[in-house]
Every structure is written in C-alpha cells, then in structure tokens.
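Notes follow once the structure below has been shown.
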Amino acid sequence: MNKHKIPIVFVVLLFLQLNVSAQQKRTIDFIGGARSFISNNRIHVQDSIPDTTTIKRNTGGYALIDLGLDIRPNKSTEILGMFRIRNNYGGFWGSGVSFDVRQLWLKGIIGNVVRYQVGDLNLQQSPYTLFNHHADKIDSLPAIFNLQNQLISYEKYYQKNTWHQQGVNADFGLTFSKIVKEIDFTGYLTRLLATNFSTTPDRLMGGFSTKVIQSKHFSFGYNYFSVFDVKGTVLDSNTYNNNVNTVSLAYTSNIGSKQLELKAELGSSRAEYSQFIEASQLKDKFINASAKLLIPKQHLALTLGYMNVGPDFRSIGAQSKDVNYNFIPGYFNTIGNNQSFRAVDLFDVIRNENIYNAGVSVNLMAVNPVYNNALPYGEATFNREGIFAKASYNSPKGIFINAEHHYLSEIRGQGTYQLKKFSVTKILASVDVNTIAHFTRLMRIQFGMNSQSTNRTSNAEVDNVKLNTTLYQAGIEYEIIPKVDLLFGITGVNCKGNEFTTERNAYSKAEYFTRNSYDLTQQISALGFRFRFDAKTNLSAVYQSSNNQDKLNMSPDYQTDQFALIFNMTF
Amino acid sequence: MKKIFLFAICLLSIYACKKESSTFDGPSIEEMYSNFSVLADFKCDKDSVDFAAGEKALFTAKFNKPVNWKITITGQTSHAQKEITGISKSIDATNGIWNGSTSVFPMFKAEHCIAKLTITDVADTFQVAVKIRTVKVNEGFVIADFENGFNPLWVKFVQSGANMDFTIKTDSLAPQGAKYLKMAGTVNWDWLIGMIDYPAKAYGTANTLSLPTNADQVYFNCLIYGVPGTNDSKVLFQFREDENADGIINAATDDEYDVEIPVTWTGWKLFSVKYSDLVSLTNGQPTTPHGNSIHNPDKIGKISMLHLADPANGFASCKIDYIIFTNSPLEP
C-alpha cells in the first residue's frame, strides 16, 4: 500500500513545482487523457447439454489517467514523459492499482539541420518495408462501435499506418535551386527483442528512406529495411536477418482540370538464418503500380493498379498483423461444458485491446480466413498477383462513398499446382443527412460491406477451396437534443465454405495444410447514447448484443451481451 | 476512360487464364488427405543392439502418403524414453536411426525396450521390441557425475540458511548412473544458496583442464532438474581461465566466461553450450573479459558452479548431474 503512495505523492509535488515554472517560462505543457470504463457482461452458451461450468457474468472496469509532461527546456529540445495511473474497479491501493510509464521520448534539432527523436517512436516507411496495414481492423465502423475501437487505437499507439517502437530516429532535408527541388532523408534504429542472455537474442530493426523530389510532378525514393540479431547476445550463434530494398516512384500530371497520379513501388527481400540448413534462404521480389485519376469537379478519384508480391517475399515490418488470432480472450475465455477455449470473435475484434499488437511482430502471425483471407498482411501479403480498382466520391454536401475491388491470384500453389483466386469487394459510405437537409443537429448514416471469395478448383476434389465471407456494418448517429447523440449500429460477418490453413515452421515455410470448414454467422447490434461535453470529452452508455452461431457445430453457439459506461477525455 | 476500361479488361483476362503454377509449397494436399495405408511394416533391423560398440538401431516403414509420425522407444526397466519424429512417406536411414540416446530421462540401461510408432490421425499403433545389450558411451571430459561422491579437491560452500541440502542423492531420479547432486535451501539475505568449485587439480591435469584448444569444438553440457512449486533457481557456471597456466587465477588479468541458466522447467533437461559462444558476465550483464578475450578451453583452471535464487521468494531447489565437456552437443 505504502509502496504506491510515495511515488504518487512525489509526482504530485513535482507537478506543482513544474506548474509554477511553466507559468514563469511557458516551457511546460500538460497533456494526456482520462478514462473510466465500466461494463457488465453476460454470456449464454447453447451447448448440446446444459452448460453448467461456464461463468455466465462478469462486471468490472477501470479508471485511468495518462498524465504527460511536454517539456521544452530550450527552443531545439522537447521532452515528453507520460505516466499512467490505473485503478481497476474493486481494487484500491495495492490491489488493482498500477503506475506505469506510458510514453517517454526526447526530440530536438541538431544545428538547425537534423531532427532526431529518441525513446518511444511511431514509425512508418513504405507499404513494403515498415507499415501497419491494419489488415484486420474493420474500416469505417459505425460510431457506436468506434467508441471502444478508438480506445484500441489509443492504447496501441496506432497513428494511421505506424508501428510503435523504442529506439532512435533522425531525419533531415536538403533543398536545391536547380535540377532537384528537395532531398529528404530519414533513418531509425529500434530494438525489437531484448536478450535474456540465454535463448532470446537482441533483435534490432533499422532502416532508412531517401526521397528525391525533382519537381512538383516527379519524385522518387529508396527505402531500406533490416531486422537482424546481434551475434553474441545469446549462446546460440545462429542469427536471423531480414533485409528489404525498395524503390518508389511518383509522377503527377494535370490533364485539363483533372489530375493523373502514377505511383509505383518495387523491390526485393531476403530472409535467412545464418546456420540452420533446414531454414533455407527466402528471397523474392514485388511490384505495386497504380494510376489515380482525380476529377475535382465531380469530387471523384479513380484508381487502377497492379500488384505482384512473390511467394517468398518476407518483410517483418510490413507483414506484421494488428490482430493476434491465437490470443485467448481474457474474459469468457472458455465456453461449454468441455471448457473449450473461445476463439477470437468479431466482438473481440471490435472491443478487445488485448488481441491487438502495438509493435512489429517477430514471427509471421496466424491468418484467420473468416476476417481476411485475400490480403491477410495487407498489400504486403506474399504470394499474390492481380489487379485492383478503387473509386471514391467525397462530396462537400456530406456524402462519402468509397468502393474498391481486388482480383487476385496466388503465384505459387499451396499443396497443389492449382492456384487460388481471390476476389475482394469493399464498399463504404457515409451520409451527413444534416448537411444535405440543412439542419444543424448531427445526423449521420454509415454503411459498409466487405465481401471476399476464395476459389480453387482442381481435378482432385480434396484440393478444392470455396470460401465466401461477407462483413457488413451499418449505423446511425443522431443528435436528439443538443450534444446528446443517439447511436445505433449493427455489424456482422457471415462465412461459409472450406479453406486450408497453412501450418508453418519456425522459418515460415509451409509444413502442413489443415482442412477447415466454415458456416459461421456472427452479428452484433448496439444501441447507446453519447453526451459530448466538448470535442475532446464525452460520456457514453452503450448496450451491445453479439450472437455467434456455428451451423457446423464445431463449437457451441453463444450470445454475449454487454452494457458499458465509457467516459473519455483527452487534454 | 474507355482506354483505361479496356486495359483493365485485358489485365483481368490475363489473370483469369492463369490457373496453375509449376511448383507448389509444402506437402501435396492430395496425398495428405488420401486414405492411409502401410506399404511396408514397421521394423527394426536388429533384435538387440550393442551401442557401446557403435551399433545403431534402424527403424523402417513405408506409407502411401506423407504422415506426421513419432517413434517412442521406452526402456522396460528404466522407463527412459527416446522420441524420434518426422513428417514423411517413409521411415529409413535418413530419419529412423537410434544411436542409444535419450529424450526423457533417466538414460537407458542395458534392458528390453519397446518401440512404438504412432501416426497423427491414425488410430492404429505399431510396435517392435529391441534389446539394449550395452548402453551408449558418451565421449568427453566428465567434470562431475557424482557416482563416486565428492572429490576431496572440490571446494563446497553452502550458506547457513534454512532447510539447506547440498548433498549427493542416490535414488530413482538419477538421470545418469545412480547418483546426482541436490542443491536446495532458503537463504533470505542473498542470491547465493551454495556453490562448488571444480579446480583443474581435481582431475590430475596440473593447472588447467585437458580440453581441446579450439573453442568451437568444445561443448559444455549438464543435466538440470527443475523442481515444481519452488523459487525459480538459476545455475551459474563460471569458467575461469588461467592464461599463463601458473596455477594462479587472477580476476584482473585472466578471462572468465560465464553462463547463467534460469531453471524454468520441471524435471530433467539437458543444457548444452558451445564454449566459444560463452560471454563474460558481471551481475548477469555481459562485460569485456579481463584477459586476452580469447576463448581458451585448454586454459580453464577452475569451474565454479553457483546455485542462485531470489532471496525474496523463499525456498529454492534444483538437481544437477552429468557435467561433461564434449566435442559436439551431448546426446545423452
């Protein structure tokens, strides 16, 4: 109990002292957030015999505050230290209380030329080097589901397509008056794994990007990414490394009132262990090229592209997934009389932060065909070739529509010479009814659909694959009285067919193909209210009900209900 | 727009036509999911084996498709086990040879054994009998197997904590021979529970051990038993080199290489490490050695074995046996 009191009292005193100094010199800002989350959950399992072993209810929650000090001791240095104090409801001083450092970084400028940052970093390079594709996150969720989904992004430091790492980052730019307009350089070095001096090596991740902007029409760049073990940090002298080199090109041209953007990235990868002969070297190439036509008058953007990512292309930084499907959910983790482990479901994908990765994964993560079979590692998914088309309409009148289609194929067969074909159709739309109908209170309607199909036909019937998945969502937010919104949403996934999941060895080579059949239906409906104190503070009350049905009876059907009260604030 | 549309149609047509690749990854699905049948029975090429003379037992079988198989050889007296696994269509000289080594301790004795073949997703099991006439002999430099008790030149230090037990035991748990060393006790003021120094003089080899000079060809091995439900033990070995072989190990001028083994498992486990992979540790962190910074196994003047445990966590216990240098990782 006293163990926690002392540091907290110290920190409060520190804040008071720094606040005075801030008033004098204006060099310190307080930033952070506060949150309270309390929920009551219930599960109902429809087993073949009455389920008498599963705990049916749980209630819990937490309150937390993230308190950050943004210190600028001089004009070229900035330091951020953010502490988190969290208290689980029902726990108090010593039980359920934690006091952690959430973020710690220092950044500055050396000689007005080189910007640097050490400590926590949010890093991103090109889509084939270091990039969080969010291949498993559901695009444009209705607001009611986003209440919890946005907490995941905050907890995992997701900022667009970055991965959170610790290390050092530096960048600088040079401008020229002739031939070349600008050259930008950025480089970083981070630690992926810390050695235990026995079996786990120090694994570092580093890279750099150079972008040459020739003019406002043409630019090109080079990206290098590397993950490598530091020899001597473990007893085993076998070390791993994964190197990726890519070149990117961009050309923009005006055609009358329209604008044409041509983009391409191509490169190669190599992944190898230094000693193990059974871990043969994997090396391959990729190319991704697209043409985008912007038609401002019609608020339209049309894209047509081609991608080819080799079967042995490996890039840890681009092929890390955000969802770990092998994670056993922390609540209602077993279901049925057999106490079988509950697999990650759609409800978890929407609300369970524990199944999400914050940083780059050191191994190739498992794929779940139910949620994304065509591009499980995003654009960097290996063994894919094909074309894609995208169209987006973004009207100032409050209508947004985005549609895209991927038509892809494997390049090398998996357990057979026959190739799988993938088709992905995605449509997202939102309509700001208040803007169209000219009334002030918020009224937005959202809907979306992601339909995927996988097919493989062969003379040998056992090789055949046919899997159809449809993920859908719809929602409405309506400001019933000023600052009080009624929220409603529905989302679900239907998956039917069969597919093989690939079991890979430690070197990511296919060793076995497990045949799986699916006939699943998951649906979540939600109703709630949100009170917006201001743009950064809100209080929400949400009731959600999730139904999971497995028509093949591989696992028992179950229903999960949740009532949650969420207060969220950033400052 | 029309041109773009036509271009898209052309690309689509090209990929729609492509249905086959020239190679494929992994095993053939058609073979994997065909009905299983045995094409050649599970056999051993010998009824009895003289491992000490270098003989080996060869298991063979053939199937109609690649299967995930496991041969479990169990000693009928010792209950020692050896597991040989593979994914293949046949078991033969490339994957089915047994040299008398052990996977699950204790080590095999001269005894009757049963070799059982199990195959994933196949209900039937297949078995053959094989007799061990003589056990496998491990070539190497034995530091301690405790079969003859404590060597009088070893130096033992045991803290005066509670329930201290740093004695040689003779019971059925012994993984090799009949004896092993138990290291246990509660020391609530220090990480050290107890330690033994093994000086080179204890082996009649003057001031340094008679080991090869090439550190890449020297492996240090031992068997360690993790006791469930106790404080996590760490076993620290310190290899102190006497670089000028004058009989005096000077910490300021001679190299010391170390290995700290966190005992995180239950039961016996083999630990092996190449001498050239060892680092110098200070309080568990790598440091620069103080001597010539060259791994010289032939200059080892003393080995110290320390049993460590977090003093805040109470009683710690582990067991150790068969501390041996070999020229390749020990296959006990």
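Following the order of the structure tokens, first chain is A, next is B, and so on, with residues numbered from 1 inside each chain and ligands from 1 in the order they appear.
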
Pick out the chain B residues within 6 Å of chain A. Count only C-alpha atoms. Give them as a ChimeraX atom specification.
-> /B:19-21,24-29,277

May I have the residues from that selection written out with all heavy atoms, as a PDB file, in the first residue's frame?
ATOM      1  N   LYS B  19      -4.038 -20.591 -64.083  1.00  0.00           N
ATOM      2  CA  LYS B  19      -4.653 -21.426 -63.048  1.00  0.00           C
ATOM      3  C   LYS B  19      -3.656 -22.331 -62.341  1.00  0.00           C
ATOM      4  O   LYS B  19      -3.971 -22.895 -61.310  1.00  0.00           O
ATOM      5  CB  LYS B  19      -5.750 -22.286 -63.662  1.00  0.00           C
ATOM      6  CG  LYS B  19      -7.005 -21.493 -63.993  1.00  0.00           C
ATOM      7  CD  LYS B  19      -8.078 -22.388 -64.516  1.00  0.00           C
ATOM      8  CE  LYS B  19      -9.354 -21.593 -64.767  1.00  0.00           C
ATOM      9  NZ  LYS B  19     -10.354 -22.387 -65.467  1.00  0.00           N
ATOM     10  N   GLU B  20      -2.491 -22.520 -62.920  1.00  0.00           N
ATOM     11  CA  GLU B  20      -1.550 -23.476 -62.346  1.00  0.00           C
ATOM     12  C   GLU B  20      -0.175 -22.865 -62.167  1.00  0.00           C
ATOM     13  O   GLU B  20       0.218 -21.966 -62.909  1.00  0.00           O
ATOM     14  CB  GLU B  20      -1.413 -24.690 -63.267  1.00  0.00           C
ATOM     15  CG  GLU B  20      -2.510 -25.707 -63.090  1.00  0.00           C
ATOM     16  CD  GLU B  20      -2.164 -27.015 -63.766  1.00  0.00           C
ATOM     17  OE1 GLU B  20      -0.981 -27.295 -64.022  1.00  0.00           O
ATOM     18  OE2 GLU B  20      -3.097 -27.761 -64.047  1.00  0.00           O
ATOM     19  N   SER B  21       0.558 -23.375 -61.163  1.00  0.00           N
ATOM     20  CA  SER B  21       1.954 -22.971 -61.026  1.00  0.00           C
ATOM     21  C   SER B  21       2.820 -24.182 -61.350  1.00  0.00           C
ATOM     22  O   SER B  21       2.343 -25.319 -61.348  1.00  0.00           O
ATOM     23  CB  SER B  21       2.222 -22.469 -59.611  1.00  0.00           C
ATOM     24  OG  SER B  21       1.958 -23.476 -58.661  1.00  0.00           O
ATOM     25  N   PHE B  24       4.879 -26.126 -56.128  1.00  0.00           N
ATOM     26  CA  PHE B  24       3.999 -25.710 -55.035  1.00  0.00           C
ATOM     27  C   PHE B  24       4.714 -25.818 -53.706  1.00  0.00           C
ATOM     28  O   PHE B  24       5.700 -26.556 -53.567  1.00  0.00           O
ATOM     29  CB  PHE B  24       2.673 -26.485 -55.049  1.00  0.00           C
ATOM     30  CG  PHE B  24       2.771 -27.966 -54.865  1.00  0.00           C
ATOM     31  CD1 PHE B  24       2.931 -28.527 -53.613  1.00  0.00           C
ATOM     32  CD2 PHE B  24       2.684 -28.815 -55.958  1.00  0.00           C
ATOM     33  CE1 PHE B  24       2.996 -29.898 -53.444  1.00  0.00           C
ATOM     34  CE2 PHE B  24       2.748 -30.186 -55.802  1.00  0.00           C
ATOM     35  CZ  PHE B  24       2.904 -30.735 -54.548  1.00  0.00           C
ATOM     36  N   ASP B  25       4.220 -25.069 -52.742  1.00  0.00           N
ATOM     37  CA  ASP B  25       4.792 -25.061 -51.398  1.00  0.00           C
ATOM     38  C   ASP B  25       4.206 -26.196 -50.566  1.00  0.00           C
ATOM     39  O   ASP B  25       3.027 -26.529 -50.704  1.00  0.00           O
ATOM     40  CB  ASP B  25       4.471 -23.742 -50.686  1.00  0.00           C
ATOM     41  CG  ASP B  25       5.315 -22.594 -51.191  1.00  0.00           C
ATOM     42  OD1 ASP B  25       6.371 -22.866 -51.784  1.00  0.00           O
ATOM     43  OD2 ASP B  25       4.918 -21.435 -50.993  1.00  0.00           O
ATOM     44  N   GLY B  26       5.026 -26.736 -49.679  1.00  0.00           N
ATOM     45  CA  GLY B  26       4.537 -27.702 -48.693  1.00  0.00           C
ATOM     46  C   GLY B  26       4.251 -29.062 -49.289  1.00  0.00           C
ATOM     47  O   GLY B  26       4.495 -29.313 -50.471  1.00  0.00           O
ATOM     48  N   PRO B  27       3.714 -29.954 -48.471  1.00  0.00           N
ATOM     49  CA  PRO B  27       3.373 -31.289 -48.960  1.00  0.00           C
ATOM     50  C   PRO B  27       2.133 -31.253 -49.843  1.00  0.00           C
ATOM     51  O   PRO B  27       1.356 -30.305 -49.798  1.00  0.00           O
ATOM     52  CB  PRO B  27       3.099 -32.066 -47.660  1.00  0.00           C
ATOM     53  CG  PRO B  27       2.691 -31.031 -46.683  1.00  0.00           C
ATOM     54  CD  PRO B  27       3.413 -29.777 -47.048  1.00  0.00           C
ATOM     55  N   SER B  28       1.951 -32.298 -50.644  1.00  0.00           N
ATOM     56  CA  SER B  28       0.787 -32.362 -51.532  1.00  0.00           C
ATOM     57  C   SER B  28      -0.482 -32.600 -50.710  1.00  0.00           C
ATOM     58  O   SER B  28      -0.571 -33.563 -49.938  1.00  0.00           O
ATOM     59  CB  SER B  28       0.977 -33.499 -52.530  1.00  0.00           C
ATOM     60  OG  SER B  28      -0.264 -33.877 -53.071  1.00  0.00           O
ATOM     61  N   ILE B  29      -1.463 -31.736 -50.891  1.00  0.00           N
ATOM     62  CA  ILE B  29      -2.728 -31.890 -50.161  1.00  0.00           C
ATOM     63  C   ILE B  29      -3.422 -33.181 -50.590  1.00  0.00           C
ATOM     64  O   ILE B  29      -4.006 -33.896 -49.768  1.00  0.00           O
ATOM     65  CB  ILE B  29      -3.631 -30.664 -50.425  1.00  0.00           C
ATOM     66  CG1 ILE B  29      -3.051 -29.441 -49.714  1.00  0.00           C
ATOM     67  CG2 ILE B  29      -5.066 -30.916 -49.966  1.00  0.00           C
ATOM     68  CD1 ILE B  29      -3.763 -28.143 -50.010  1.00  0.00           C
ATOM     69  N   ASP B 277      30.693 -19.699 -27.590  1.00  0.00           N
ATOM     70  CA  ASP B 277      29.508 -18.831 -27.507  1.00  0.00           C
ATOM     71  C   ASP B 277      29.346 -18.184 -26.140  1.00  0.00           C
ATOM     72  O   ASP B 277      28.453 -17.363 -25.939  1.00  0.00           O
ATOM     73  CB  ASP B 277      28.236 -19.627 -27.819  1.00  0.00           C
ATOM     74  CG  ASP B 277      28.093 -19.916 -29.303  1.00  0.00           C
ATOM     75  OD1 ASP B 277      28.722 -19.185 -30.089  1.00  0.00           O
ATOM     76  OD2 ASP B 277      27.373 -20.850 -29.666  1.00  0.00           O
TER      77      ASP B 277
END

Nearby residues (only C-alpha atoms) at most 12 Å from Asp121 in chain B, same-chain spacing under 4 positions excluded, as a CSV table (one decimal) with all heavy atoms, in the first residue's frame:
chain,number,residue,atom,x,y,z
A,514,THR,N,-4.1,-27.7,-42.9
A,514,THR,CA,-5.2,-28.2,-42.1
A,514,THR,C,-6.5,-27.8,-42.8
A,514,THR,O,-6.7,-26.6,-43.1
A,514,THR,CB,-5.2,-27.6,-40.7
A,514,THR,OG1,-3.9,-27.9,-40.1
A,514,THR,CG2,-6.3,-28.2,-39.9
B,32,MET,N,-1.8,-35.9,-48.7
B,32,MET,CA,-2.1,-35.7,-47.3
B,32,MET,C,-3.4,-36.2,-46.9
B,32,MET,O,-3.6,-36.8,-45.8
B,32,MET,CB,-1.9,-34.3,-46.8
B,32,MET,CG,-0.5,-33.8,-46.7
B,32,MET,SD,-0.5,-32.0,-46.5
B,32,MET,CE,-1.5,-31.8,-45.1
B,33,TYR,N,-4.4,-36.0,-47.7
B,33,TYR,CA,-5.8,-36.3,-47.3
B,33,TYR,C,-6.3,-37.5,-48.0
B,33,TYR,O,-7.5,-37.8,-48.1
B,33,TYR,CB,-6.7,-35.1,-47.6
B,33,TYR,CG,-6.5,-34.0,-46.6
B,33,TYR,CD1,-5.5,-33.0,-46.8
B,33,TYR,CD2,-7.1,-34.0,-45.3
B,33,TYR,CE1,-5.3,-32.0,-45.9
B,33,TYR,CE2,-6.8,-33.0,-44.4
B,33,TYR,CZ,-5.9,-32.0,-44.7
B,33,TYR,OH,-5.7,-31.1,-43.7
B,34,SER,N,-5.4,-38.3,-48.6
B,34,SER,CA,-5.9,-39.6,-49.1
B,34,SER,C,-6.0,-40.6,-48.0
B,34,SER,O,-5.5,-40.4,-46.9
B,34,SER,CB,-4.9,-40.1,-50.2
B,34,SER,OG,-3.6,-40.3,-49.6
B,35,ASN,N,-6.6,-41.8,-48.2
B,35,ASN,CA,-6.7,-42.8,-47.1
B,35,ASN,C,-5.4,-43.4,-46.8
B,35,ASN,O,-4.6,-43.7,-47.7
B,35,ASN,CB,-7.7,-43.9,-47.6
B,35,ASN,CG,-9.1,-43.4,-47.7
B,35,ASN,OD1,-9.5,-42.5,-46.9
B,35,ASN,ND2,-9.9,-44.0,-48.6
B,36,PHE,N,-5.1,-43.6,-45.5
B,36,PHE,CA,-3.8,-44.0,-45.1
B,36,PHE,C,-3.7,-45.5,-45.3
B,36,PHE,O,-4.6,-46.3,-45.0
B,36,PHE,CB,-3.6,-43.7,-43.6
B,36,PHE,CG,-2.4,-44.3,-43.0
B,36,PHE,CD1,-1.1,-43.7,-43.2
B,36,PHE,CD2,-2.5,-45.4,-42.2
B,36,PHE,CE1,0.0,-44.2,-42.7
B,36,PHE,CE2,-1.4,-45.9,-41.6
B,36,PHE,CZ,-0.1,-45.4,-41.9
B,67,VAL,N,3.1,-38.6,-43.7
B,67,VAL,CA,2.4,-38.5,-42.4
B,67,VAL,C,3.3,-38.0,-41.3
B,67,VAL,O,4.5,-37.9,-41.4
B,67,VAL,CB,1.9,-40.0,-42.0
B,67,VAL,CG1,0.8,-40.5,-42.9
B,67,VAL,CG2,3.1,-40.9,-41.9
B,68,ASN,N,2.6,-37.5,-40.3
B,68,ASN,CA,3.3,-37.0,-39.1
B,68,ASN,C,3.5,-38.1,-38.2
B,68,ASN,O,2.5,-38.6,-37.5
B,68,ASN,CB,2.4,-35.9,-38.5
B,68,ASN,CG,3.1,-35.0,-37.6
B,68,ASN,OD1,4.2,-35.3,-37.1
B,68,ASN,ND2,2.6,-33.8,-37.4
B,69,TRP,N,4.7,-38.7,-38.1
B,69,TRP,CA,4.9,-39.9,-37.3
B,69,TRP,C,5.8,-39.7,-36.1
B,69,TRP,O,6.6,-38.7,-36.1
B,69,TRP,CB,5.4,-41.0,-38.1
B,69,TRP,CG,6.7,-40.7,-38.9
B,69,TRP,CD1,6.8,-40.3,-40.2
B,69,TRP,CD2,8.0,-40.8,-38.4
B,69,TRP,NE1,8.1,-40.1,-40.6
B,69,TRP,CE2,8.9,-40.4,-39.5
B,69,TRP,CE3,8.6,-41.1,-37.2
B,69,TRP,CZ2,10.3,-40.3,-39.4
B,69,TRP,CZ3,10.0,-41.1,-37.1
B,69,TRP,CH2,10.8,-40.7,-38.2
B,125,THR,N,-1.6,-48.3,-33.8
B,125,THR,CA,-0.2,-48.1,-33.4
B,125,THR,C,0.5,-49.3,-33.8
B,125,THR,O,0.0,-50.4,-33.9
B,125,THR,CB,0.0,-47.8,-31.9
B,125,THR,OG1,-0.6,-48.9,-31.2
B,125,THR,CG2,-0.7,-46.5,-31.5

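Omitting range 252-257 of chain A and its sequence neighbours fewer than 3 positions away, and counting only C-alpha atoms, the residues within 6 Å are His217, Leu260 and Glu261 of chain A.
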
Take the residues from that selection and write them out as an mmCIF file, in the first residue's frame, keeping C-alpha atoms.
data_model
loop_
_atom_site.group_PDB
_atom_site.id
_atom_site.type_symbol
_atom_site.label_atom_id
_atom_site.label_comp_id
_atom_site.auth_asym_id
_atom_site.auth_seq_id
_atom_site.Cartn_x
_atom_site.Cartn_y
_atom_site.Cartn_z
ATOM 1 C CA HIS A 217 5.414 16.486 -60.822
ATOM 2 C CA LEU A 260 -3.272 11.995 -63.026
ATOM 3 C CA GLU A 261 -1.051 10.404 -60.382
#

Nearest candidate to Val349 in chain A (options A:Ile71, A:Ile31, A:Ile524, A:Met82; using only C-alpha atoms) =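 Once distances to Val349 in chain A are computed over only C-alpha atoms, the minimum belongs to A:Ile524.
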
Please list as a CSV table (one decimal) with C-alpha atoms, in the first residue's frame every residue within 9 Å of Ser226 in chain A, counting only C-alpha atoms and excluding residues in the same chain fewer than 3 positions away.
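That gives us selection.csv:
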chain,number,residue,atom,x,y,z
A,129,THR,CA,9.1,-2.0,-45.7
A,204,LEU,CA,17.3,-4.9,-33.8
A,205,MET,CA,15.2,-3.2,-36.5
A,206,GLY,CA,16.6,-0.4,-38.6
A,207,GLY,CA,16.2,1.3,-41.9
A,241,ASN,CA,18.2,-11.3,-40.6
A,242,ASN,CA,15.5,-9.9,-43.0
A,243,ASN,CA,16.5,-7.2,-45.4
A,244,VAL,CA,14.2,-5.4,-47.8
A,245,ASN,CA,15.2,-2.9,-50.5
A,315,SER,CA,9.2,-8.2,-44.7
A,316,ILE,CA,8.6,-8.3,-41.0
A,317,GLY,CA,7.8,-4.6,-40.8
